[in-house]
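Notes to accompany the following structure.
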There are 4 protein chains.
Amino acid sequence: MRWPRKNDAASIEARRSVMNVDGGLVTSVDLEPFAGAAESLVGVAVIPVSAVPVAIELGTYELSDDGDVVERGRETETVHVPLAHTEGGLTASMTRGALAAGTVRTYVLHDRITRASCFVCADAAEAIALARWIDGEMPAMREWLESNDDPMLSRRARLRGVKTHVVGPMCHVLWRWTTGDAVGPNMMTRNSYALNMGYVMQRAPAKPQRAILEANMGGDKKPSAEYFQSGHGKTVLAEAFLSDEQIRRVLRTTAEDLEALSWAGTHGSVASGMQSVAFTPASAIAAVFAATGQDLGMVGTSSMAQGTGRRVEGGLQATIRFGGLEVGTVGGGTTLPSARDWLASIDCAGAGKVYRFAQIVAAAALCLEISASAAMATAGSENFFQAHHERGGLR
Amino acid sequence: MRWPRKNDAASIEARRSVMNVDGGLVTSVDLEPFAGAAESLVGVAVIPVSAVPVAIELGTYELSDDGDVVERGRETETVHVPLAHTEGGLTASMTRGALAAGTVRTYVLHDRITRASCFVCADAAEAIALARWIDGEMPAMREWLESNDDPMLSRRARLRGVKTHVVGPMCHVLWRWTTGDAVGPNMMTRNSYALNMGYVMQRAPAKPQRAILEANMGGDKKPSAEYFQSGHGKTVLAEAFLSDEQIRRVLRTTAEDLEALSWAGTHGSVASGMQSVAFTPASAIAAVFAATGQDLGMVGTSSMAQGTGRRVEGGLQATIRFGGLEVGTVGGGTTLPSARDWLASIDCAGAGKVYRFAQIVAAAALCLEISASAAMATAGSENFFQAHHERGGLR
Amino acid sequence: MRWPRKNDAASIEARRSVMNVDGGLVTSVDLEPFAGAAESLVGVAVIPVSAVPVAIELGTYELSDDGDVVERGRETETVHVPLAHTEGGLTASMTRGALAAGTVRTYVLHDRITRASCFVCADAAEAIALARWIDGEMPAMREWLESNDDPMLSRRARLRGVKTHVVGPMCHVLWRWTTGDAVGPNMMTRNSYALNMGYVMQRAPAKPQRAILEANMGGDKKPSAEYFQSGHGKTVLAEAFLSDEQIRRVLRTTAEDLEALSWAGTHGSVASGMQSVAFTPASAIAAVFAATGQDLGMVGTSSMAQGTGRRVEGGLQATIRFGGLEVGTVGGGTTLPSARDWLASIDCAGAGKVYRFAQIVAAAALCLEISASAAMATAGSENFFQAHHERGGLR
Amino acid sequence: MRWPRKNDAASIEARRSVMNVDGGLVTSVDLEPFAGAAESLVGVAVIPVSAVPVAIELGTYELSDDGDVVERGRETETVHVPLAHTEGGLTASMTRGALAAGTVRTYVLHDRITRASCFVCADAAEAIALARWIDGEMPAMREWLESNDDPMLSRRARLRGVKTHVVGPMCHVLWRWTTGDAVGPNMMTRNSYALNMGYVMQRAPAKPQRAILEANMGGDKKPSAEYFQSGHGKTVLAEAFLSDEQIRRVLRTTAEDLEALSWAGTHGSVASGMQSVAFTPASAIAAVFAATGQDLGMVGTSSMAQGTGRRVEGGLQATIRFGGLEVGTVGGGTTLPSARDWLASIDCAGAGKVYRFAQIVAAAALCLEISASAAMATAGSENFFQAHHERGGLR
């Protein structure tokens, strides 16, 4: 059978027939609203969604004209975070962490997304000259993009800067964009492509031999030191103060045990060559992403995190830093049924919501870190084991 | 409102009411079959599933008594791989890659999953003595586990080896298990906990100060050099030969362009401090995982890959190596409605299927790599852009 | 015996007596010129120095007022590079590489050295506020440093920028300096300390709890992704064109073999989690550093390199990029006897010579890369073995 | 002028004449004893050597027939460690650290050195088959090496194991050796070459297309995650207990400050993508290596370290772990004048001394870590600055 891309009813049916998928939950949903989301549809996947109430002191942020993230105020509210997953114990654990945390405070530090193009030149001299030329062309490139009315260009993706990096005859170029409330890979891809082909290849002092749209200097969907440090998406920090009383009563351990665990865990991560240092941020990221229509291929990169714990007067200060949460509240999967509804349930659907959403993701992840860490601490290990034993029956 | 864990109808309804989730697709599915999968359920997430036919020469593998993966035969078939995602163009791209690849050959090299515990000792001397003692106790520990009838122990998780690593007063211990057709985190967690508490802490020459069940020496759900090299799950390799004719006709580029892209992309990944070297394996991994009930928190670790391309007589040889695909065909989310159906559609539901499934995942990922690489190659960049431009309207 | 720091004759003699070091080469050199170089002297180490003629097309560079490295011209000359080492075969190998390379072209891309301080704050909010404040204070800080006549401040270390990075309650700060023709760790340490204690701790919106002068965000003498990419010292690139004829005649291999070796070696380095990708740059760096009085503790960081090879019309293009060569031609060990003489022998002693020297180091390293790579290539392996077998008798 | 390799008097003189090196310290030493150490000699480099008394509880170790490092006893003595360097303050700082440490305890954990060869095969199937075959041939390969009387083979380099790692059509092979009291690169290179060419290429089930002697899977002279964890040379741990009294009196800080510094420094190293976590081990390694004729190209790899600090009853426990100290007491530069004398001064010259020497290196490095850390701690920063200011005049 030829495998058509089309999503008309007959094509869908033909594919189902070949695959012997003919009934049950996977074919019970009308595919019409999803017809534009992917080619060659055959059905749906259904994942149960649970929720956890998390009290968060959220910042209100705006992007300045210069592309800086500026805080306009802070307000506390309880958000019921939707989590799509099937890991027994995870929701309960995050709930426990949220209880111990009291109120989580969150901050957005930075907002950039990059496309890592590469120009292969005749030799190093030309690559170096190209890099210097590109560095100097920034204002003109911005102007060119903004005054160009080619419909393929995105107006929302705004060029904020560039990093050039020469290796041999290659001039790697990290185009840095802001993309509004969308994650923005497609819109920045279009604009980067236009810059590469319509500007650089036309005007460079010496025409490069090749233009490559993406050549891994950034790490699209692949964790890298570059993304961990410089960010890809929203750089967000979440923090909580755990009082000795809450640690004892809710987490059933002590600040001393948590600190010892953090010490051993950090040294373990160094010994294993881990780029992140945290406990299980990917579990939280994946669950929120799956519920809200984020790109699940970005779970690995968005989960790169650096967690810290230190004893302070009366308790423990716990934080987590995400170098780049690749999240959106418009575009991509966010506009589809179910994703849109879960985003709406936390007031994160549509424009003007992306910084709010990024903070909620980080806060949820911190709550899981707190509870999972506590479960791993010496006194807590028995609790941890019990928790998994009792609730994790599915596995 | 107190936030109960229970999944009876009234509790679910109460939570929905608090969250103002009251209708539409997200509440249209009976939650009863999912009641054991997560606490505090409120609804479902629905993701459209598309499919791609991939011709694969699959190996038939068995685990020997010694824990080696042994090949028993090879057979070619066409598998219609289910993909749950909303990234316009991805399914079409993978379809194109599968067409260009002709038949993908896949191999399972290794099978281990680890729990990275840590014993904190009084000093380095005790940690070193403990490490040596543990190394010597392997046979006795295996015997102890197998003769122990504590119901908390899993019979399917079998201890295959241990790696000790002393850092200061810490003795990090990587317990290495096979877990049958399940991914097995919970079963190995139970057994590791039993070993830590019931064996090591009781019998060690000098009792450690602390036992920590997981201390990051491995990298549970966090990418690490350790996992990238030694593996966590199934180590799988996929390979395809792309003839010059197919490269030209299907991928609309040349072997020379693909090689140039691979060269620049590999150097880009080195420059950015990426642990993987590949193009976009996470997109494929995430899509198959989401359809088949795998743990989405493992997308980042399972996507760690090393891709290669080299020109050979008459075309290009393309491969991808996954250090550790954390996949299962029993347990966890795989038994739930929709996941089970999609697994069944590719004959991967239940026992005896995990090596088959791991190979299908790797083959699908290679098809996407081939097509995505081609789109990035110089000649292909225009195609790539067009593809995203035309189909990626959602983003 | 109390162990005095003093370097008077009697103290030196007393120490020698305790150590039973009483004659031979190690005590044959007058220590007076070295009396200020280290405390508690007891003698000398003597390393034989060999030399290799390398033809280099050197750029002439100046630092602009803004701290950019600007090229003013290019000229070719043959430099006899001094190498202090005892590795049989190394000098001969580099000589062979220089012969094959013909003329090496070198480029200086960037010049910065950093001190990575850290301010530990009460919480993340204060750390974030501090980071933003520091970013905004750059002009005032520069002014403060330049108008301050405290004799402890160095005038030659000029503040060029700052990178702040918040992790939990920590505000890490990379102070970025240029330091003239000296490597400059001490002068930038003094100025960074002054900034930390005299400016930040006095004027910050909320006084940090702690100021730490160096907290590893950079990687002083420790290789890091940060240094590999952003540089620490002089970022230098060297390039050579190897004609098919020279490859065959001098290196006794082929461009095809060299390309195959580069491909396998790059994939080997990725598989082993190497931050550099090159063959043996450290051998060359160490040998030049030891001859010329550079800091041998910086051999590891200065050797971080990315080498490339690609077939081009008529031969192979070989390059190496050093993220940060930590070299100086004034200060530190460079002013001492022997170091000064070897620097003078290549016209690199004193002010105005540091970019020239950095390029010579890179060119020498590339020559060794070329020859060592050739020796590793399939056809060359036999040569490689023979070379080591015949000349490496000492080992 | 042709550039001869020869080291007869006339050739040396001819080279000096070309280089205008004609007098002073660099030509004052008779080169005859160095004539076999390097080709194309022209003179010497002279580095001042200072010394630091360090009290060490040293283990006595032997290599068992199986290649395990076995401890036979422990004894404390004071060793006056020779340091060749010109970094003002370094010797004084290490002396202070040794004073604070009281007695340093050291342990040798492991001993292996590797040559990372690679066989490029026709495809992945052949590479996988080759890897399995090599794994099974270990006993036969050992027998073959030992019964072979080819004079090119080293008897001292004994094959202890192998690690194979397949990436695409490449079968990377880490041959693992012990090499007695020598570092052993040349002897294991000879034997690895013999295995590759004389065994694998002759007998493999399918002959590989290429054998590459070294293909970076290990990281010869280049830091890698592989070496950091699995070691290359001697894996050594050093530990000291710093009493609160010594911390206050000698280091002029507190255990609390040291712990805070260690916490911030570890997080800084994670943020910067450092593979090591320590303060300045390379300074100590380089200084001992330069005095004792070790390979200075191995300073970077041998300095890869993981340092820890934790508060314990009455003080602070400080440790450092070196994954692989590449040290020797026979062969290479160790037999030359000056190197041999400095080795003899600490009873480390010749056979049976390499584990003793490795421990001394680690102990010296820990003393510098302690003092440098203290200088960086908040209270200590002022001391640190003063120390560098007063003594670092050379820089």
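Scheme for the structure tokens: letters A, B, ... for chains in order shown; per-chain residue numbers from 1; ligand numbers from 1 in order shown.
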Next on the checklist: For range 348-350 of chain C, find every residue with an atom within 9 Å (counting only C-alpha atoms), except residues of its own chain fewer than 6 positions away, and show them as a PyMOL selection string.
Outcome noted: chain C and resi 181+328-331+334-335+340-342+356-357
Next on the checklist: List as a PyMOL selection string the protein and nucleic acid residues near range 27-44 of chain B, meaning an atom at most 6 Å away when only C-alpha atoms are counted, but skip any in the same chain fewer than 2 places from it.
Outcome noted: (chain A and resi 47-50+86+88+91) or (chain B and resi 5-7+12+16+23-25)
Next on the checklist: as a ChimeraX atom specification, could you give me every residue of chain B near chain D (at most 8 Å apart, counting only C-alpha atoms)?
Outcome noted: /B:107,109,124-125,128,167-168,225,237,239,306-308,318-321
Using C-alpha atoms, can you write the selected residues to a file as an mmCIF file, in the first residue's frame?
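Resulting contents of part-v1.cif:
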data_model
loop_
_atom_site.group_PDB
_atom_site.id
_atom_site.type_symbol
_atom_site.label_atom_id
_atom_site.label_comp_id
_atom_site.auth_asym_id
_atom_site.auth_seq_id
_atom_site.Cartn_x
_atom_site.Cartn_y
_atom_site.Cartn_z
ATOM 1 C CA TYR B 107 20.872 -4.818 16.514
ATOM 2 C CA LEU B 109 23.952 -5.050 21.920
ATOM 3 C CA ALA B 124 37.860 7.086 52.767
ATOM 4 C CA ALA B 125 39.449 3.985 54.279
ATOM 5 C CA ILE B 128 37.391 1.744 50.047
ATOM 6 C CA VAL B 167 34.810 9.530 46.120
ATOM 7 C CA GLY B 168 36.052 10.734 49.490
ATOM 8 C CA ALA B 225 28.349 10.417 30.190
ATOM 9 C CA LEU B 237 22.164 0.163 16.845
ATOM 10 C CA GLU B 239 21.892 1.108 10.162
ATOM 11 C CA GLN B 306 25.593 8.836 18.380
ATOM 12 C CA GLY B 307 24.856 9.085 14.687
ATOM 13 C CA THR B 308 27.378 8.491 11.934
ATOM 14 C CA ALA B 318 23.996 5.970 7.968
ATOM 15 C CA THR B 319 23.801 4.625 11.519
ATOM 16 C CA ILE B 320 22.583 5.613 14.954
ATOM 17 C CA ARG B 321 23.553 4.124 18.298
#
Item to check | Residue neighbourhood Thr301 in chain D, 9 Å, only C-alpha atoms, exclusion window fewer than 3 positions, as an MDAnalysis selection string | outcome: (chainID C and resid 300) or (chainID D and resid 219:224 227:228 232 297:298 304 323:326)
Checklist entry - Can you tell me, as a PyMOL selection string, what residues are no more than 12 Å from range 146-151 of chain A when counting only C-alpha atoms, ignoring any on the same chain fewer than 5 positions away? => result (chain A and resi 139-141+156-159+187+190-191+194-195+198-199) or (chain B and resi 389)
Take the selection from the previous step and output its residues with all heavy atoms, as a tab-separated table (two decimals), in the first residue's frame.
chain	number	residue	atom	x	y	z
A	139	PRO	N	22.59	45.45	13.25
A	139	PRO	CA	21.54	46.47	13.08
A	139	PRO	C	20.93	46.39	11.68
A	139	PRO	O	19.70	46.45	11.53
A	139	PRO	CB	22.29	47.78	13.29
A	139	PRO	CG	23.55	47.42	14.04
A	139	PRO	CD	23.90	46.03	13.60
A	140	ALA	N	21.76	46.23	10.67
A	140	ALA	CA	21.25	46.18	9.30
A	140	ALA	C	20.39	44.93	9.08
A	140	ALA	O	19.37	44.98	8.38
A	140	ALA	CB	22.42	46.20	8.31
A	141	MET	N	20.78	43.84	9.68
A	141	MET	CA	19.99	42.61	9.54
A	141	MET	C	18.62	42.77	10.19
A	141	MET	O	17.60	42.33	9.65
A	141	MET	CB	20.72	41.43	10.19
A	141	MET	CG	21.88	40.91	9.34
A	141	MET	SD	22.74	39.59	10.23
A	141	MET	CE	23.86	39.02	8.92
A	156	ARG	N	6.68	37.90	14.48
A	156	ARG	CA	6.80	37.70	15.93
A	156	ARG	C	8.20	37.27	16.36
A	156	ARG	O	8.60	37.50	17.49
A	156	ARG	CB	5.76	36.69	16.41
A	156	ARG	CG	4.49	37.42	16.90
A	156	ARG	CD	3.52	36.46	17.49
A	156	ARG	NE	3.05	35.51	16.47
A	156	ARG	CZ	2.31	34.45	16.72
A	156	ARG	NH1	1.93	34.19	17.96
A	156	ARG	NH2	1.92	33.63	15.75
A	157	ALA	N	8.91	36.59	15.46
A	157	ALA	CA	10.28	36.20	15.79
A	157	ALA	C	11.19	37.40	15.57
A	157	ALA	O	11.38	37.85	14.44
A	157	ALA	CB	10.73	35.03	14.92
A	158	ARG	N	11.72	37.93	16.64
A	158	ARG	CA	12.56	39.13	16.52
A	158	ARG	C	14.01	38.80	16.82
A	158	ARG	O	14.33	38.19	17.84
A	158	ARG	CB	12.04	40.22	17.46
A	158	ARG	CG	10.60	40.64	17.09
A	158	ARG	CD	10.20	41.92	17.76
A	158	ARG	NE	11.14	43.01	17.47
A	158	ARG	CZ	11.20	44.13	18.18
A	158	ARG	NH1	10.38	44.31	19.22
A	158	ARG	NH2	12.07	45.07	17.88
A	159	LEU	N	14.87	39.22	15.92
A	159	LEU	CA	16.31	38.95	16.05
A	159	LEU	C	16.88	39.81	17.17
A	159	LEU	O	16.81	41.03	17.12
A	159	LEU	CB	17.01	39.27	14.72
A	159	LEU	CG	18.52	39.00	14.66
A	159	LEU	CD1	18.82	37.52	14.83
A	159	LEU	CD2	19.08	39.51	13.33
A	187	MET	N	8.98	29.57	13.39
A	187	MET	CA	9.08	30.97	12.95
A	187	MET	C	10.54	31.43	12.93
A	187	MET	O	10.96	32.14	12.03
A	187	MET	CB	8.19	31.89	13.79
A	187	MET	CG	8.51	32.01	15.25
A	187	MET	SD	7.49	33.28	16.11
A	187	MET	CE	5.99	32.34	16.45
A	190	ARG	N	12.21	29.90	9.82
A	190	ARG	CA	11.93	30.65	8.60
A	190	ARG	C	12.81	31.90	8.51
A	190	ARG	O	13.43	32.18	7.49
A	190	ARG	CB	10.46	31.08	8.57
A	190	ARG	CG	9.51	29.93	8.31
A	190	ARG	CD	8.18	30.43	7.76
A	190	ARG	NE	7.46	31.31	8.69
A	190	ARG	CZ	6.65	30.90	9.66
A	190	ARG	NH1	6.45	29.61	9.86
A	190	ARG	NH2	6.03	31.75	10.43
A	191	ASN	N	12.87	32.63	9.61
A	191	ASN	CA	13.64	33.88	9.57
A	191	ASN	C	15.14	33.61	9.47
A	191	ASN	O	15.86	34.36	8.80
A	191	ASN	CB	13.33	34.72	10.82
A	191	ASN	CG	11.92	35.32	10.77
A	191	ASN	OD1	11.10	34.89	9.96
A	191	ASN	ND2	11.66	36.28	11.63
A	194	ALA	N	15.87	32.79	5.96
A	194	ALA	CA	15.86	34.01	5.14
A	194	ALA	C	17.17	34.78	5.33
A	194	ALA	O	17.78	35.24	4.36
A	194	ALA	CB	14.66	34.88	5.51
A	195	LEU	N	17.63	34.90	6.56
A	195	LEU	CA	18.89	35.60	6.81
A	195	LEU	C	20.05	34.89	6.12
A	195	LEU	O	20.90	35.52	5.49
A	195	LEU	CB	19.19	35.63	8.32
A	195	LEU	CG	18.58	36.75	9.14
A	195	LEU	CD1	18.92	36.56	10.60
A	195	LEU	CD2	19.11	38.12	8.66
A	198	GLY	N	19.03	34.86	2.10
A	198	GLY	CA	18.68	36.14	1.49
A	198	GLY	C	19.62	37.26	1.87
A	198	GLY	O	19.71	38.28	1.18
A	199	TYR	N	20.34	37.11	2.96
A	199	TYR	CA	21.23	38.19	3.39
A	199	TYR	C	22.69	37.74	3.34
A	199	TYR	O	23.46	38.22	2.53
A	199	TYR	CB	20.84	38.63	4.81
A	199	TYR	CG	21.39	39.98	5.19
A	199	TYR	CD1	20.57	41.11	5.23
A	199	TYR	CD2	22.73	40.13	5.51
A	199	TYR	CE1	21.09	42.36	5.57
A	199	TYR	CE2	23.26	41.37	5.85
A	199	TYR	CZ	22.43	42.48	5.88
A	199	TYR	OH	22.95	43.71	6.22
B	389	HIS	N	7.69	25.35	6.16
B	389	HIS	CA	6.86	26.48	5.82
B	389	HIS	C	5.44	26.01	5.46
B	389	HIS	O	4.43	26.54	5.94
B	389	HIS	CB	7.50	27.19	4.63
B	389	HIS	CG	6.85	28.50	4.29
B	389	HIS	ND1	6.36	29.35	5.25
B	389	HIS	CD2	6.64	29.10	3.10
B	389	HIS	CE1	5.86	30.42	4.66
B	389	HIS	NE2	6.01	30.30	3.37
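Taking CA of Val236 in chain D as the reference point, CA of Gln294 in chain C is found at 27.6 Å.
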Next on the checklist: Quick one: residues within 7 Å of range 252-262 of chain B, only C-alpha atoms, excluding same-chain residues fewer than 3 positions away - as a ChimeraX atom specification?
Outcome noted: /B:244,247-249,265-266,309-311,315-316,373-374,377-380
Go ahead and save the residues from that selection, with all heavy atoms, as a compact mmCIF listing (two decimals), in the first residue's frame.
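So again.txt came out as:
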# COMPACT_ATOMS: atom_id res chain seq x y z
N ASP B 244 23.04 6.20 -3.93
CA ASP B 244 23.09 7.51 -4.58
C ASP B 244 21.77 7.84 -5.26
O ASP B 244 21.31 8.98 -5.23
CB ASP B 244 24.23 7.52 -5.61
CG ASP B 244 25.60 7.59 -4.94
OD1 ASP B 244 25.70 8.18 -3.85
OD2 ASP B 244 26.56 7.04 -5.49
N ILE B 247 19.19 8.78 -2.64
CA ILE B 247 19.54 10.09 -2.08
C ILE B 247 19.09 11.20 -3.05
O ILE B 247 18.54 12.22 -2.63
CB ILE B 247 21.06 10.19 -1.83
CG1 ILE B 247 21.47 9.21 -0.72
CG2 ILE B 247 21.47 11.60 -1.46
CD1 ILE B 247 22.96 9.09 -0.50
N ARG B 248 19.31 10.95 -4.31
CA ARG B 248 18.94 11.97 -5.29
C ARG B 248 17.43 12.04 -5.46
O ARG B 248 16.83 13.12 -5.42
CB ARG B 248 19.61 11.63 -6.64
CG ARG B 248 19.43 12.69 -7.73
CD ARG B 248 20.00 12.25 -9.06
NE ARG B 248 19.40 11.00 -9.54
CZ ARG B 248 18.17 10.88 -10.04
NH1 ARG B 248 17.37 11.94 -10.10
NH2 ARG B 248 17.71 9.72 -10.44
N ARG B 249 16.82 10.87 -5.60
CA ARG B 249 15.42 10.83 -5.97
C ARG B 249 14.50 11.15 -4.78
O ARG B 249 13.56 11.94 -4.89
CB ARG B 249 15.08 9.44 -6.53
CG ARG B 249 13.88 9.40 -7.48
CD ARG B 249 13.72 8.03 -8.13
NE ARG B 249 13.65 6.96 -7.14
CZ ARG B 249 12.56 6.66 -6.41
NH1 ARG B 249 11.45 7.35 -6.55
NH2 ARG B 249 12.58 5.66 -5.54
N GLY B 265 27.98 19.29 11.41
CA GLY B 265 27.10 19.06 12.56
C GLY B 265 27.83 18.40 13.72
O GLY B 265 27.57 18.71 14.89
N THR B 266 28.74 17.50 13.42
CA THR B 266 29.51 16.86 14.49
C THR B 266 30.42 17.89 15.16
O THR B 266 30.51 17.95 16.39
CB THR B 266 30.34 15.69 13.93
OG1 THR B 266 29.44 14.75 13.34
CG2 THR B 266 31.11 14.99 15.04
N GLY B 309 27.69 9.02 9.61
CA GLY B 309 27.43 8.92 8.18
C GLY B 309 28.76 8.84 7.46
O GLY B 309 29.68 9.57 7.80
N ARG B 310 28.89 7.92 6.51
CA ARG B 310 30.12 7.91 5.71
C ARG B 310 29.79 7.45 4.29
O ARG B 310 28.91 6.62 4.08
CB ARG B 310 31.23 7.04 6.32
CG ARG B 310 30.96 5.58 6.28
CD ARG B 310 32.24 4.78 6.59
NE ARG B 310 31.87 3.38 6.71
CZ ARG B 310 32.72 2.36 6.68
NH1 ARG B 310 34.01 2.59 6.60
NH2 ARG B 310 32.29 1.11 6.77
N ARG B 311 30.52 8.02 3.34
CA ARG B 311 30.34 7.64 1.96
C ARG B 311 30.95 6.27 1.75
O ARG B 311 32.07 6.01 2.17
CB ARG B 311 31.00 8.66 1.06
CG ARG B 311 30.27 9.98 1.08
CD ARG B 311 31.03 11.03 0.33
NE ARG B 311 30.83 10.88 -1.11
CZ ARG B 311 31.32 11.73 -1.99
NH1 ARG B 311 32.03 12.76 -1.59
NH2 ARG B 311 31.10 11.55 -3.27
N GLY B 315 26.96 5.03 -2.43
CA GLY B 315 25.99 5.72 -1.59
C GLY B 315 26.53 6.14 -0.24
O GLY B 315 27.72 6.46 -0.10
N LEU B 316 25.66 6.17 0.76
CA LEU B 316 26.03 6.61 2.10
C LEU B 316 25.55 5.59 3.12
O LEU B 316 24.43 5.08 3.03
CB LEU B 316 25.39 7.97 2.41
CG LEU B 316 25.91 8.64 3.67
CD1 LEU B 316 26.90 9.77 3.31
CD2 LEU B 316 24.79 9.20 4.53
N SER B 373 18.49 15.15 8.29
CA SER B 373 19.83 15.49 7.84
C SER B 373 19.78 15.99 6.40
O SER B 373 20.39 17.00 6.05
CB SER B 373 20.74 14.26 7.88
OG SER B 373 20.89 13.80 9.19
N ALA B 374 19.06 15.24 5.58
CA ALA B 374 18.98 15.62 4.17
C ALA B 374 18.41 17.02 4.04
O ALA B 374 18.85 17.82 3.21
CB ALA B 374 18.13 14.61 3.41
N ALA B 377 21.15 19.51 4.75
CA ALA B 377 22.29 19.57 3.83
C ALA B 377 22.12 20.76 2.90
O ALA B 377 21.00 21.20 2.63
CB ALA B 377 22.41 18.28 3.05
N THR B 378 23.20 21.25 2.39
CA THR B 378 23.15 22.50 1.64
C THR B 378 22.03 22.52 0.60
O THR B 378 21.16 23.37 0.62
CB THR B 378 24.48 22.76 0.93
OG1 THR B 378 25.47 22.88 1.95
CG2 THR B 378 24.43 24.07 0.15
N ALA B 379 22.08 21.56 -0.29
CA ALA B 379 21.06 21.56 -1.33
C ALA B 379 19.68 21.39 -0.70
O ALA B 379 18.70 21.93 -1.17
CB ALA B 379 21.32 20.44 -2.32
N GLY B 380 19.67 20.65 0.38
CA GLY B 380 18.41 20.32 1.01
C GLY B 380 17.82 21.42 1.85
O GLY B 380 16.64 21.37 2.20
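Note that CA of Phe289 in chain B and CA of Val250 in chain B are 27.4 Å apart.
Distance-wise, CA of Cys121 in chain D and CA of Val173 in chain D end up 12.9 Å apart.
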Next on the checklist: Give me the residues near Ala282 in chain D as a ChimeraX atom specification, where near means some atom within 6 Å (using only C-alpha atoms) and where sequence neighbours in that chain fewer than 3 positions away do not count.
Outcome noted: /C:297 /D:285-286,303
Checklist entry - In range 114-287 of chain A, what's strand (DSSP E or B) per DSSP? Answer as a PyMOL selection string? => result chain A and resi 114-120+158-167+170-178+210-212+224+233-243+274+277
